[in-house]
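Participant: I have a structure here, written as C-alpha cells, and I will follow up with some questions on it.
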Protein chains: 2
Amino acid sequence: MTELERTIEWHDGTVLMIDQRVLPLHYEIKAYTTYQGVAEAIHTMVIRGAPAIGAAAGFGMALAGLQSTAGTRSDLLHDLEMAAEVLRKSRPTAVNLFWAIDRMLKTSRRFETSGRFTVDDVREALIREAQRIADEDVEINKRMAEYGAALIKDGDTILTHCNTGALAVVDYGTALGVIRRAHEQGKRVKVFADETRPRLQGARLTAWELMRWGIDVTLIADNAAGHYMRKGMVNICFVGSDRTAANGDVANKIGTYKVAVLAKENGIPFYPVVPTSTIDLRLENGDLIPIEERDEREVTEIDGERIAPIGVKVGNPAFDVTPHKYVTGIVTENGIAYPPFEISLKRVVAGGA
Amino acid sequence: MTELERTIEWHDGTVLMIDQRVLPLHYEIKAYTTYQGVAEAIHTMVIRGAPAIGAAAGFGMALAGLQSTAGTRSDLLHDLEMAAEVLRKSRPTAVNLFWAIDRMLKTSRRFETSGRFTVDDVREALIREAQRIADEDVEINKRMAEYGAALIKDGDTILTHCNTGALAVVDYGTALGVIRRAHEQGKRVKVFADETRPRLQGARLTAWELMRWGIDVTLIADNAAGHYMRKGMVNICFVGSDRTAANGDVANKIGTYKVAVLAKENGIPFYPVVPTSTIDLRLENGDLIPIEERDEREVTEIDGERIAPIGVKVGNPAFDVTPHKYVTGIVTENGIAYPPFEISLKRVVAGGA
C-alpha cells in the first residue's frame with residue numbers, strides 16, 4: 001500500500017504507522033510486530049499526539065498478548081503487566097498512554113473470574129479492545145469537531161500550535177479537526193500554524209495536513225505568534241492537550257502557555273480541544289503533571305545538522321502547563337466545558353454535555 | 001589574521017567583517033571594498049545587530065567616498081547621496097543605519113561652505129568619522145553595561161533573546177554586554193538564551209559568545225521561555241532594540257514581545273538595552289516603525305535543508321513591537337530611563353542621566 005487510511009492500523013498481527021519523523025518530504029510506513037517496537041516508536045516519535053499514542057499503546061498491548069508464550073491466563077497476565085511497564089515508560093506526559101494500557105489490562109483481567117475462556121480468548125479480546133480504542137478515537141474526534149466548529153465564524157483566522165491533525169490521533173484530528181470541520185461546513189477560515197520548535201510538528205505536519213485538506217495556512221516561527229495577535233490578525237486559538245487537570249490546567253506541547261498568555265493579553269479566545277480520555281480528574285492542578293525532558297539534540301541539531309556550539313547546555317522540556325485562568329473553554333466529545341472547570345470537567349467526563 | 005578584534009574593522013580601504021551566518025561552526029572573515037558590497041552584507045546578514053549595522057553603514061559611506069571618481073566636492077556629495085540611497089535600503093527597521101548614514105552625509109557637507117578643502121580632504125574626513133562611529137559604539141556599550149549590571153544581583157538567572165553580544169555591535173555588546181559586565185564584576189549569573197527562530201542568532205551567536213566568555217548559558221527553544229519563567233527560574237530579562245519610539249515602545253527581533261508579555265505576567269523585570277542612537281524621538285509610538293518582512297526560506301529551510309511542505313505560505317516578520325507598558329526600564333549609555341518614557345527618554349537622548 002502507498003498510504004494508510006489512518007495514522008495507525010492493525011493488519012493481522014502487525015501494527016502499521018506513518019513515520020511522522022520524515023514528513024512532509026517523505027511518506028514512509030513502519031511495521032511493528034512487538035510491543036517493544038511500539039514502545040520505541042512512541043519514544044522516538046514515529047507516532048506522536050496524545051490520542052495516537054493511546055491507540056499505539058493499545059495495539060502494543062495486543063501485540064504483547066500475541067508475543068506471550070504463556071499457557072495459562074495468569075502467566076499471560078504476568079507477561080502483559082511486563083509489557084505495560086515498558087510501554088508506560090515510552091512517554092511520561094501523555095495520559096492517554098496510561099489510560100489505554102489500563103483499559104487493556106482491565107480487558108485481560110475480565111476473564112480471570114471465569115474458567116470458560118482460554119488464553120487465546122484473552123489474546124483475541126485484546127485485539128478487539130485495541131481496535132475499539134482506535135475506532136472510538138475517530139468517533140470522538142468527529143464529535144469534538146462538531147462542538148468546536150460552532151465556535152468558528154465565517155472569515156475567522158485561527159492560530160494553532162504543534163500538530164493536532166489526523167496524524168496526532170487515529171483519524172480526523174482534535175484542534176485541527178475542529179478547523180477541518182468548520183472548513184467542511186463551508187466557513188472561510190485561515191490558519192496561522194506555529195512551526196513548533198524544537199521538533200517542528202507545525203512546519204512538518206500541520207502545514208502539510210492543512211494544505212492537503214485545502215485550508216488556507218500560513219506557517220510562522222513560534223516567535224511571530226504574538227506579533228500577529230497584537231496586530232488584530234487572529235480571531236481564535238485552538239490547541240491540543242496531552243493532559244488536563246481537574247481545575248482546567250492544561251499540559252500541552254512546549255510553547256502552548258505562550259500562546260495562551262498572548263491570546264488573553266490580546267482578548268483572543270483560547271480553546272484546548274481534548275478527548276475526555278486526556279482529562280485526569282485525579283490531578284488537582286497542572287503543576288502535578290510530570291514534564292518530559294527530551295534529548296538536547298532536538299534543540300542543537302536539525303535533521304542531523306548542528307546549529308549550536310558544541311558542548312552547549314540545553315533545556316528541552318517537551319511540554320508546558322497552561323494555568324486554567326488563560327483557558328476560555330475546553331472542547332470535548334461531550335460538549336464544551338467552561339469555568340469553573342472543577343465542576344464542568346467532571347460533567348463532561350461523566351458524559352453529560 | 002585568524003580572528004578580528006572587533007565585529008567590523010577598517011583596514012586601509014577595506015572593510016573586514018566576521019561572517020555571522022556561518023558561526024558557530026565556522027569562523028570566516030569577509031572583506032569589502034565597495035559600499036554595494038557592504039549594503040549586501042547588511043541585507044544578507046553577514047553583519048547584523050542595530051549598532052553593528054550602523055558602523056557598517058558608516059564604513060560603507062567611507063568606501064563610497066573612495067570609490068567616487070568625483071573631481072569636485074559637489075560631485076562627490078552627489079555620489080555620496082547615491083550610496084546613501086543604496087545603503088538605506090539594506091535593512092528598513094534598524095534606525096542606526098539611517099542615523100549613521102545621516103551623520104556621514106553631515107560630515108561630508110561640513111566642507112561645503114569652505115573653499116580651503118579638497119575632495120580628498122572630504123574622503124579622509126569620512127574615514128575618520130566612520131572610525132569615530134565605531135569607537136564611540138564600543139565606549140557606549142561599556143557605559144550601558146555599567147548601568148545595566150547594577151540591576152543584576154549575585155546568583156541571578158537572566159533570560160535573553162536574539163544576539164546582543166559583541167557580534168551585534170562593534171565590540172562588547174548591549175544586553176549581553178550588561179550580563180558580561182556583571183560576570184566581570186564577579187557576580188554569579190546564569191543565562192537562558194532563546195534560540196531565536198527563524199535565524200537562530202541565540203543558538204548560533206549568543207550561546208557561542210557566552211561560552212567564550214565563561215558565562216553559564218543554557219540554550220532553549222523560544223517556546224520554552226515561558227515555561228522557565230512560570231517555574232520561577234528567571235529573575236530578569238535583558239534584550240536589545242533596533243528602534244525605540246518616544247513613548248518607550250520598542251521594536252526588536254521577532255519574539256521579543258512574547259518575552260516581555262511573559263515577563264510581566266510572571267512579575268519579572270524586562271529591560272531593553274539601547275544606545276541612544278536607536279531612540280527615535282520623532283516617532284510617537286512603536287506602531288509607526290516599519291517591520292521588515294524577510295525571505296520565507298528563513299522559515300522553510302534551515303541551512304538549505306527543507307523543513308516545511310513545498311509551496312506553503314509563510315509569514316516572516318523580522319521584528320515585533322513591544323508596547324511600553326511591558327517595559328520596566330530602558331538602559332542607555334546615559335543612564336536608565338523609567339516610565340513615563342516620554343520624559344525620561346528625552347532626558348537620556350539629551351545626554352542627562
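Chain identifiers are assigned as A, B, and so on, following the order in which chains appear in the C-alpha cells; residues are numbered from 1 within each chain, and ligands are numbered from 1 in order of appearance.
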At a cut-off of 8 Å, can you tabulate as JSON lines every residue of chain A near chain B together with its closest atom pair and the distance in Å to one decimal, using only C-alpha atoms and ordering rows by chain then number?

Facilitator:
{"residue": "A:Pro24", "atom": "CA", "partner": "B:Pro309", "partner_atom": "CA", "distance": 5.6}
{"residue": "A:Leu25", "atom": "CA", "partner": "B:Pro309", "partner_atom": "CA", "distance": 6.9}
{"residue": "A:Thr196", "atom": "CA", "partner": "B:Asn223", "partner_atom": "CA", "distance": 7.5}
{"residue": "A:Arg197", "atom": "CA", "partner": "B:Ala221", "partner_atom": "CA", "distance": 6.2}
{"residue": "A:Pro198", "atom": "CA", "partner": "B:Ala221", "partner_atom": "CA", "distance": 6.1}
{"residue": "A:Leu200", "atom": "CA", "partner": "B:Ile307", "partner_atom": "CA", "distance": 7.8}
{"residue": "A:Ala203", "atom": "CA", "partner": "B:Ala308", "partner_atom": "CA", "distance": 4.9}
{"residue": "A:Arg204", "atom": "CA", "partner": "B:Ala308", "partner_atom": "CA", "distance": 5.1}
{"residue": "A:Ala207", "atom": "CA", "partner": "B:Pro309", "partner_atom": "CA", "distance": 6.9}
{"residue": "A:Trp208", "atom": "CA", "partner": "B:Pro309", "partner_atom": "CA", "distance": 5.8}
{"residue": "A:Met211", "atom": "CA", "partner": "B:Val312", "partner_atom": "CA", "distance": 7.6}
{"residue": "A:Val217", "atom": "CA", "partner": "B:Lys313", "partner_atom": "CA", "distance": 6.5}
{"residue": "A:Thr218", "atom": "CA", "partner": "B:Lys313", "partner_atom": "CA", "distance": 4.8}
{"residue": "A:Leu219", "atom": "CA", "partner": "B:Val314", "partner_atom": "CA", "distance": 4.7}
{"residue": "A:Ile220", "atom": "CA", "partner": "B:Gly315", "partner_atom": "CA", "distance": 5.3}
{"residue": "A:Ala221", "atom": "CA", "partner": "B:Pro198", "partner_atom": "CA", "distance": 6.1}
{"residue": "A:Asp222", "atom": "CA", "partner": "B:Asn223", "partner_atom": "CA", "distance": 6.8}
{"residue": "A:Asn223", "atom": "CA", "partner": "B:Gly255", "partner_atom": "CA", "distance": 4.0}
{"residue": "A:Ala224", "atom": "CA", "partner": "B:Ile254", "partner_atom": "CA", "distance": 6.0}
{"residue": "A:Gly226", "atom": "CA", "partner": "B:Lys258", "partner_atom": "CA", "distance": 6.0}
{"residue": "A:His227", "atom": "CA", "partner": "B:Asp320", "partner_atom": "CA", "distance": 5.8}
{"residue": "A:Ile254", "atom": "CA", "partner": "B:Asn223", "partner_atom": "CA", "distance": 5.7}
{"residue": "A:Gly255", "atom": "CA", "partner": "B:Asn223", "partner_atom": "CA", "distance": 4.0}
{"residue": "A:Thr256", "atom": "CA", "partner": "B:Asn223", "partner_atom": "CA", "distance": 7.8}
{"residue": "A:Tyr257", "atom": "CA", "partner": "B:Gly226", "partner_atom": "CA", "distance": 6.7}
{"residue": "A:Lys258", "atom": "CA", "partner": "B:Gly226", "partner_atom": "CA", "distance": 6.0}
{"residue": "A:Val261", "atom": "CA", "partner": "B:Leu262", "partner_atom": "CA", "distance": 7.1}
{"residue": "A:Leu262", "atom": "CA", "partner": "B:Val261", "partner_atom": "CA", "distance": 7.1}
{"residue": "A:Glu265", "atom": "CA", "partner": "B:Val261", "partner_atom": "CA", "distance": 8.0}
{"residue": "A:Val299", "atom": "CA", "partner": "B:Ala221", "partner_atom": "CA", "distance": 6.6}
{"residue": "A:Thr300", "atom": "CA", "partner": "B:Ala203", "partner_atom": "CA", "distance": 7.7}
{"residue": "A:Ile302", "atom": "CA", "partner": "B:Ile302", "partner_atom": "CA", "distance": 7.5}
{"residue": "A:Asp303", "atom": "CA", "partner": "B:Glu305", "partner_atom": "CA", "distance": 7.9}
{"residue": "A:Glu305", "atom": "CA", "partner": "B:Asp303", "partner_atom": "CA", "distance": 8.0}
{"residue": "A:Ile307", "atom": "CA", "partner": "B:Arg204", "partner_atom": "CA", "distance": 6.2}
{"residue": "A:Ala308", "atom": "CA", "partner": "B:Ala203", "partner_atom": "CA", "distance": 4.9}
{"residue": "A:Pro309", "atom": "CA", "partner": "B:Pro24", "partner_atom": "CA", "distance": 5.6}
{"residue": "A:Val312", "atom": "CA", "partner": "B:Thr218", "partner_atom": "CA", "distance": 7.0}
{"residue": "A:Lys313", "atom": "CA", "partner": "B:Thr218", "partner_atom": "CA", "distance": 4.8}
{"residue": "A:Val314", "atom": "CA", "partner": "B:Leu219", "partner_atom": "CA", "distance": 4.7}
{"residue": "A:Gly315", "atom": "CA", "partner": "B:Ile220", "partner_atom": "CA", "distance": 5.3}
{"residue": "A:Asn316", "atom": "CA", "partner": "B:Ile220", "partner_atom": "CA", "distance": 6.4}
{"residue": "A:Pro317", "atom": "CA", "partner": "B:Ala224", "partner_atom": "CA", "distance": 7.0}
{"residue": "A:Asp320", "atom": "CA", "partner": "B:His227", "partner_atom": "CA", "distance": 5.8}
{"residue": "A:Val321", "atom": "CA", "partner": "B:His227", "partner_atom": "CA", "distance": 7.5}

Participant: Do you know which residues are at most 6 Å from stretch 329-336 of chain B counting only C-alpha atoms, after dropping those on the same chain fewer than 4 positions away, and could you put them as a PDB file with N, CA, C and O atoms, in the first residue's frame?

Facilitator:
ATOM      1  N   ILE B 140      30.184  53.429  24.228  1.00  0.00           N
ATOM      2  CA  ILE B 140      28.769  53.467  24.634  1.00  0.00           C
ATOM      3  C   ILE B 140      28.350  52.138  25.256  1.00  0.00           C
ATOM      4  O   ILE B 140      27.657  52.089  26.272  1.00  0.00           O
ATOM      5  N   ARG B 143      29.521  51.847  28.779  1.00  0.00           N
ATOM      6  CA  ARG B 143      28.741  52.678  29.711  1.00  0.00           C
ATOM      7  C   ARG B 143      27.373  52.052  29.990  1.00  0.00           C
ATOM      8  O   ARG B 143      26.903  52.021  31.127  1.00  0.00           O
ATOM      9  N   MET B 144      26.738  51.538  28.947  1.00  0.00           N
ATOM     10  CA  MET B 144      25.438  50.854  29.150  1.00  0.00           C
ATOM     11  C   MET B 144      25.619  49.665  30.078  1.00  0.00           C
ATOM     12  O   MET B 144      24.790  49.400  30.955  1.00  0.00           O
ATOM     13  N   TYR B 271      14.110  44.633  30.647  1.00  0.00           N
ATOM     14  CA  TYR B 271      14.895  45.817  30.272  1.00  0.00           C
ATOM     15  C   TYR B 271      15.471  45.710  28.864  1.00  0.00           C
ATOM     16  O   TYR B 271      16.354  44.875  28.629  1.00  0.00           O
ATOM     17  N   PRO B 272      15.051  46.535  27.929  1.00  0.00           N
ATOM     18  CA  PRO B 272      15.828  46.701  26.703  1.00  0.00           C
ATOM     19  C   PRO B 272      17.094  47.513  27.012  1.00  0.00           C
ATOM     20  O   PRO B 272      17.075  48.403  27.867  1.00  0.00           O
ATOM     21  N   VAL B 273      18.178  47.161  26.333  1.00  0.00           N
ATOM     22  CA  VAL B 273      19.451  47.878  26.491  1.00  0.00           C
ATOM     23  C   VAL B 273      19.744  48.520  25.146  1.00  0.00           C
ATOM     24  O   VAL B 273      19.965  47.808  24.154  1.00  0.00           O
ATOM     25  N   VAL B 274      19.696  49.846  25.088  1.00  0.00           N
ATOM     26  CA  VAL B 274      19.723  50.520  23.789  1.00  0.00           C
ATOM     27  C   VAL B 274      20.632  51.737  23.807  1.00  0.00           C
ATOM     28  O   VAL B 274      20.506  52.593  24.674  1.00  0.00           O
ATOM     29  N   PRO B 275      21.556  51.814  22.855  1.00  0.00           N
ATOM     30  CA  PRO B 275      22.286  53.069  22.696  1.00  0.00           C
ATOM     31  C   PRO B 275      21.284  54.159  22.299  1.00  0.00           C
ATOM     32  O   PRO B 275      20.292  53.871  21.611  1.00  0.00           O
ATOM     33  N   VAL B 348      17.575  61.163  28.465  1.00  0.00           N
ATOM     34  CA  VAL B 348      18.777  60.371  28.154  1.00  0.00           C
ATOM     35  C   VAL B 348      19.315  60.694  26.767  1.00  0.00           C
ATOM     36  O   VAL B 348      20.531  60.691  26.551  1.00  0.00           O
ATOM     37  N   GLY B 351      21.462  63.479  26.839  1.00  0.00           N
ATOM     38  CA  GLY B 351      22.764  63.232  27.474  1.00  0.00           C
ATOM     39  C   GLY B 351      22.717  63.198  28.986  1.00  0.00           C
ATOM     40  O   GLY B 351      23.683  62.822  29.636  1.00  0.00           O
ATOM     41  N   ALA B 353      21.636  61.940  32.739  1.00  0.00           N
ATOM     42  CA  ALA B 353      21.365  60.643  33.367  1.00  0.00           C
ATOM     43  C   ALA B 353      20.113  60.722  34.234  1.00  0.00           C
ATOM     44  O   ALA B 353      19.482  61.754  34.341  1.00  0.00           O
TER      45      ALA B 353
END

Participant: Residues near stretch 103-111 of chain A, anyone? I mean within 8 Å using only C-alpha atoms, not counting same-chain ones fewer than 4 positions away, as a PyMOL selection string.

Facilitator: chain A and resi 58+61+77+80-81+99+115+117+122+125-126+129-130

Participant: Please produce an output containing N, CA, C and O atoms for each residue in the selection, written as a compact mmCIF listing (two decimals), in the first residue's frame.

Facilitator:
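The result, stored in out37.txt:
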# COMPACT_ATOMS: atom_id res chain seq x y z
N GLY A 58 -2.49 0.69 22.96
CA GLY A 58 -3.49 -0.38 22.89
C GLY A 58 -3.03 -1.49 21.97
O GLY A 58 -3.03 -2.68 22.33
N MET A 61 -0.19 -3.47 23.45
CA MET A 61 -0.63 -4.48 24.40
C MET A 61 -1.21 -5.70 23.68
O MET A 61 -1.03 -6.85 24.12
N LEU A 77 -1.28 -12.83 32.02
CA LEU A 77 -1.47 -11.55 32.72
C LEU A 77 -0.13 -11.02 33.21
O LEU A 77 0.13 -9.82 33.14
N LEU A 80 1.64 -9.53 30.31
CA LEU A 80 1.01 -8.26 29.92
C LEU A 80 1.43 -7.13 30.88
O LEU A 80 1.65 -5.99 30.44
N GLU A 81 1.54 -7.47 32.15
CA GLU A 81 1.99 -6.45 33.13
C GLU A 81 3.41 -5.99 32.79
O GLU A 81 3.73 -4.80 32.90
N TRP A 99 -3.95 5.55 30.23
CA TRP A 99 -5.37 5.24 30.13
C TRP A 99 -5.59 4.02 29.23
O TRP A 99 -6.32 3.08 29.59
N GLY A 115 -13.86 -19.43 34.23
CA GLY A 115 -12.99 -20.51 33.77
C GLY A 115 -13.28 -20.95 32.35
O GLY A 115 -12.58 -21.78 31.79
N PHE A 117 -12.87 -19.41 29.56
CA PHE A 117 -12.10 -18.82 28.47
C PHE A 117 -10.66 -19.32 28.42
O PHE A 117 -10.04 -19.55 29.45
N VAL A 122 -8.34 -14.56 25.47
CA VAL A 122 -7.84 -13.29 26.01
C VAL A 122 -7.08 -12.54 24.92
O VAL A 122 -7.26 -11.33 24.72
N ALA A 125 -9.49 -11.01 22.62
CA ALA A 125 -10.20 -9.89 23.26
C ALA A 125 -9.33 -8.64 23.29
O ALA A 125 -9.82 -7.52 23.13
N LEU A 126 -8.03 -8.85 23.47
CA LEU A 126 -7.10 -7.70 23.50
C LEU A 126 -7.06 -7.02 22.13
O LEU A 126 -7.06 -5.79 22.03
N GLU A 129 -10.23 -5.09 21.69
CA GLU A 129 -10.27 -3.88 22.53
C GLU A 129 -9.38 -2.78 21.94
O GLU A 129 -9.76 -1.60 21.94
N ALA A 130 -8.21 -3.16 21.44
CA ALA A 130 -7.31 -2.17 20.83
C ALA A 130 -7.98 -1.54 19.60
O ALA A 130 -7.90 -0.33 19.39

Participant: If you count only C-alpha atoms, which residues fall within 12 Å of A:His78, apart from same-chain ones fewer than 2 positions away, as a short mmCIF file (atom, residue, chain, number, x, y, z; two decimals) with all heavy atoms, in the first residue's frame?

Facilitator:
data_model
loop_
_atom_site.label_atom_id
_atom_site.label_comp_id
_atom_site.auth_asym_id
_atom_site.auth_seq_id
_atom_site.Cartn_x
_atom_site.Cartn_y
_atom_site.Cartn_z
N ALA A 64 1.65 -7.66 22.66
CA ALA A 64 2.22 -8.35 23.82
C ALA A 64 1.47 -9.66 24.07
O ALA A 64 2.07 -10.68 24.43
CB ALA A 64 2.17 -7.45 25.05
N GLY A 65 0.15 -9.62 23.88
CA GLY A 65 -0.64 -10.84 24.03
C GLY A 65 -0.21 -11.91 23.04
O GLY A 65 -0.03 -13.08 23.39
N SER A 68 3.35 -13.31 23.87
CA SER A 68 3.47 -14.13 25.08
C SER A 68 3.32 -15.61 24.72
O SER A 68 2.45 -16.00 23.95
CB SER A 68 2.40 -13.73 26.09
OG SER A 68 2.36 -14.69 27.13
N THR A 69 4.21 -16.44 25.31
CA THR A 69 4.11 -17.89 25.09
C THR A 69 3.38 -18.55 26.26
O THR A 69 3.41 -19.78 26.41
CB THR A 69 5.52 -18.50 24.97
OG1 THR A 69 6.26 -18.16 26.15
CG2 THR A 69 6.24 -17.98 23.74
N ALA A 70 2.73 -17.73 27.08
CA ALA A 70 2.06 -18.25 28.27
C ALA A 70 1.03 -19.32 27.91
O ALA A 70 0.31 -19.20 26.92
CB ALA A 70 1.36 -17.11 29.01
N GLY A 71 0.96 -20.33 28.74
CA GLY A 71 -0.04 -21.38 28.53
C GLY A 71 -1.24 -21.20 29.46
O GLY A 71 -2.29 -21.80 29.23
N THR A 72 -1.06 -20.37 30.48
CA THR A 72 -2.18 -20.13 31.40
C THR A 72 -2.50 -18.65 31.41
O THR A 72 -1.67 -17.80 31.07
CB THR A 72 -1.80 -20.54 32.85
OG1 THR A 72 -0.77 -19.64 33.31
CG2 THR A 72 -1.29 -21.97 32.90
N ARG A 73 -3.75 -18.36 31.84
CA ARG A 73 -4.17 -16.96 31.86
C ARG A 73 -3.34 -16.15 32.86
O ARG A 73 -3.02 -15.00 32.60
CB ARG A 73 -5.67 -16.86 32.17
CG ARG A 73 -6.51 -17.06 30.89
CD ARG A 73 -7.98 -17.00 31.20
NE ARG A 73 -8.37 -18.22 31.92
CZ ARG A 73 -9.04 -18.22 33.06
NH1 ARG A 73 -9.41 -17.09 33.60
NH2 ARG A 73 -9.34 -19.35 33.64
N SER A 74 -2.99 -16.74 33.98
CA SER A 74 -2.22 -15.95 34.97
C SER A 74 -0.81 -15.67 34.44
O SER A 74 -0.27 -14.58 34.66
CB SER A 74 -2.18 -16.64 36.33
OG SER A 74 -1.33 -17.76 36.28
N ASP A 75 -0.22 -16.60 33.72
CA ASP A 75 1.08 -16.32 33.11
C ASP A 75 0.95 -15.21 32.05
O ASP A 75 1.80 -14.33 31.95
CB ASP A 75 1.66 -17.58 32.44
CG ASP A 75 2.27 -18.53 33.47
OD1 ASP A 75 2.30 -18.16 34.67
OD2 ASP A 75 2.68 -19.63 33.08
N LEU A 76 -0.12 -15.27 31.29
CA LEU A 76 -0.35 -14.24 30.27
C LEU A 76 -0.50 -12.87 30.93
O LEU A 76 0.10 -11.87 30.49
CB LEU A 76 -1.59 -14.57 29.44
CG LEU A 76 -1.96 -13.53 28.38
CD1 LEU A 76 -0.85 -13.32 27.36
CD2 LEU A 76 -3.26 -13.92 27.66
N LEU A 80 1.64 -9.53 30.31
CA LEU A 80 1.01 -8.26 29.92
C LEU A 80 1.43 -7.13 30.88
O LEU A 80 1.65 -5.99 30.44
CB LEU A 80 -0.51 -8.40 29.91
CG LEU A 80 -1.08 -9.28 28.79
CD1 LEU A 80 -2.59 -9.48 28.99
CD2 LEU A 80 -0.82 -8.65 27.41
N GLU A 81 1.54 -7.47 32.15
CA GLU A 81 1.99 -6.45 33.13
C GLU A 81 3.41 -5.99 32.79
O GLU A 81 3.73 -4.80 32.90
CB GLU A 81 1.97 -7.03 34.56
CG GLU A 81 0.58 -7.30 35.13
CD GLU A 81 -0.14 -6.02 35.58
OE1 GLU A 81 0.42 -4.92 35.43
OE2 GLU A 81 -1.29 -6.14 36.05
N MET A 82 4.24 -6.94 32.38
CA MET A 82 5.62 -6.59 31.99
C MET A 82 5.62 -5.66 30.78
O MET A 82 6.35 -4.66 30.73
CB MET A 82 6.41 -7.86 31.63
CG MET A 82 6.48 -8.90 32.72
SD MET A 82 7.87 -8.58 33.84
CE MET A 82 9.21 -9.14 32.79
N ALA A 83 4.80 -5.99 29.80
CA ALA A 83 4.70 -5.16 28.60
C ALA A 83 4.19 -3.77 28.96
O ALA A 83 4.67 -2.75 28.44
CB ALA A 83 3.78 -5.82 27.57
N ALA A 84 3.20 -3.74 29.86
CA ALA A 84 2.63 -2.46 30.29
C ALA A 84 3.71 -1.57 30.89
O ALA A 84 3.78 -0.36 30.60
CB ALA A 84 1.50 -2.69 31.30
N GLU A 85 4.59 -2.17 31.68
CA GLU A 85 5.69 -1.42 32.29
C GLU A 85 6.56 -0.75 31.24
O GLU A 85 6.92 0.43 31.34
CB GLU A 85 6.58 -2.37 33.12
CG GLU A 85 6.38 -2.33 34.61
CD GLU A 85 5.92 -0.98 35.12
OE1 GLU A 85 6.77 -0.08 35.23
OE2 GLU A 85 4.70 -0.82 35.38
N LEU A 105 -5.35 -3.74 30.23
CA LEU A 105 -5.14 -4.66 31.36
C LEU A 105 -6.48 -5.07 31.96
O LEU A 105 -6.69 -6.23 32.32
CB LEU A 105 -4.26 -4.00 32.43
CG LEU A 105 -2.77 -3.87 32.08
CD1 LEU A 105 -2.03 -3.08 33.16
CD2 LEU A 105 -2.12 -5.25 31.90
N SER A 108 -7.99 -7.69 29.91
CA SER A 108 -7.38 -9.01 30.12
C SER A 108 -7.84 -9.63 31.43
O SER A 108 -8.00 -10.85 31.53
CB SER A 108 -5.86 -8.90 30.08
OG SER A 108 -5.39 -8.21 31.22
N ARG A 109 -8.10 -8.79 32.43
CA ARG A 109 -8.48 -9.31 33.75
C ARG A 109 -9.94 -9.71 33.81
O ARG A 109 -10.34 -10.45 34.70
CB ARG A 109 -8.20 -8.24 34.83
CG ARG A 109 -6.73 -8.08 35.13
CD ARG A 109 -6.52 -7.31 36.41
NE ARG A 109 -5.24 -6.59 36.36
CZ ARG A 109 -5.12 -5.28 36.10
NH1 ARG A 109 -6.19 -4.53 35.87
NH2 ARG A 109 -3.91 -4.73 36.07
#

Participant: So which residues of stretch 14-71 of chain B fall under helix (DSSP H, G or I) by DSSP, listed as a list in words?

Facilitator: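 Those residues are Tyr35, Gln36, Gly37, Val38, Ala39, Glu40, Ala41, Ile42, His43, Ala50, Pro51, Ala52, Ile53, Gly54, Ala55, Ala56, Ala57, Gly58, Phe59, Gly60, Met61, Ala62, Leu63, Ala64, Gly65, Leu66 and Gln67 of chain B.
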
Participant: Within 10 Å of B:Ala57, counting only C-alpha atoms, which residues qualify if same-chain residues fewer than 5 places away don't, as an MDAnalysis selection string?

Facilitator: chainID B and resid 35 38:39 42 51:52 62:63 83:84 87:88 90 96:102 104 130 133

Participant: What is the atom CA of A:Arg181-atom CA of A:Ala166 distance in Å, reported with one decimal?

Facilitator: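 Interatomic distance here is 12.2 Å.
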
Participant: Calculated over only C-alpha atoms, which of the candidates B:Phe270, B:Tyr326, B:Trp213, B:Phe59 has the smallest distance to B:Gln131?

Facilitator: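 Nearest to B:Gln131: B:Phe59.
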
Participant: Show which residues sit within 10 Å of B:Ala150, as a list in words. Count only C-alpha atoms, and ignore same-chain residues fewer than 5 positions away.

Facilitator: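 My list of contacting residues is Ala145, Val178, Arg181, Ala182 and Gln185 of chain B.
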
Participant: Write out, as a PDB file, in the first residue's frame, the residues just selected, with all heavy atoms.

Facilitator:
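Here's the written file part.pdb:
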ATOM      1  N   ALA B 145      26.696  48.913  29.840  1.00  0.00           N
ATOM      2  CA  ALA B 145      26.948  47.703  30.619  1.00  0.00           C
ATOM      3  C   ALA B 145      27.069  48.039  32.103  1.00  0.00           C
ATOM      4  O   ALA B 145      26.571  47.314  32.965  1.00  0.00           O
ATOM      5  CB  ALA B 145      28.218  47.018  30.124  1.00  0.00           C
ATOM      6  N   VAL B 178      25.749  43.894  29.214  1.00  0.00           N
ATOM      7  CA  VAL B 178      25.307  44.075  30.605  1.00  0.00           C
ATOM      8  C   VAL B 178      25.597  42.807  31.413  1.00  0.00           C
ATOM      9  O   VAL B 178      26.146  42.865  32.522  1.00  0.00           O
ATOM     10  CB  VAL B 178      23.791  44.413  30.644  1.00  0.00           C
ATOM     11  CG1 VAL B 178      23.228  44.245  32.054  1.00  0.00           C
ATOM     12  CG2 VAL B 178      23.554  45.828  30.123  1.00  0.00           C
ATOM     13  N   ARG B 181      29.319  42.332  31.901  1.00  0.00           N
ATOM     14  CA  ARG B 181      29.873  43.223  32.914  1.00  0.00           C
ATOM     15  C   ARG B 181      29.584  42.662  34.313  1.00  0.00           C
ATOM     16  O   ARG B 181      30.467  42.670  35.180  1.00  0.00           O
ATOM     17  CB  ARG B 181      29.269  44.632  32.757  1.00  0.00           C
ATOM     18  CG  ARG B 181      29.871  45.667  33.688  1.00  0.00           C
ATOM     19  CD  ARG B 181      31.299  46.030  33.289  1.00  0.00           C
ATOM     20  NE  ARG B 181      31.973  46.748  34.373  1.00  0.00           N
ATOM     21  CZ  ARG B 181      33.037  46.294  35.041  1.00  0.00           C
ATOM     22  NH1 ARG B 181      33.596  45.150  34.699  1.00  0.00           N
ATOM     23  NH2 ARG B 181      33.561  46.983  36.018  1.00  0.00           N
ATOM     24  N   ALA B 182      28.344  42.174  34.522  1.00  0.00           N
ATOM     25  CA  ALA B 182      28.001  41.597  35.834  1.00  0.00           C
ATOM     26  C   ALA B 182      28.926  40.424  36.144  1.00  0.00           C
ATOM     27  O   ALA B 182      29.390  40.259  37.275  1.00  0.00           O
ATOM     28  CB  ALA B 182      26.539  41.154  35.843  1.00  0.00           C
ATOM     29  N   GLN B 185      32.241  41.599  37.122  1.00  0.00           N
ATOM     30  CA  GLN B 185      32.197  42.129  38.492  1.00  0.00           C
ATOM     31  C   GLN B 185      32.200  41.018  39.538  1.00  0.00           C
ATOM     32  O   GLN B 185      32.149  41.279  40.736  1.00  0.00           O
ATOM     33  CB  GLN B 185      30.935  42.983  38.676  1.00  0.00           C
ATOM     34  CG  GLN B 185      30.947  44.301  37.911  1.00  0.00           C
ATOM     35  CD  GLN B 185      29.591  44.997  37.921  1.00  0.00           C
ATOM     36  OE1 GLN B 185      28.572  44.381  38.240  1.00  0.00           O
ATOM     37  NE2 GLN B 185      29.582  46.275  37.569  1.00  0.00           N
TER      38      GLN B 185
END
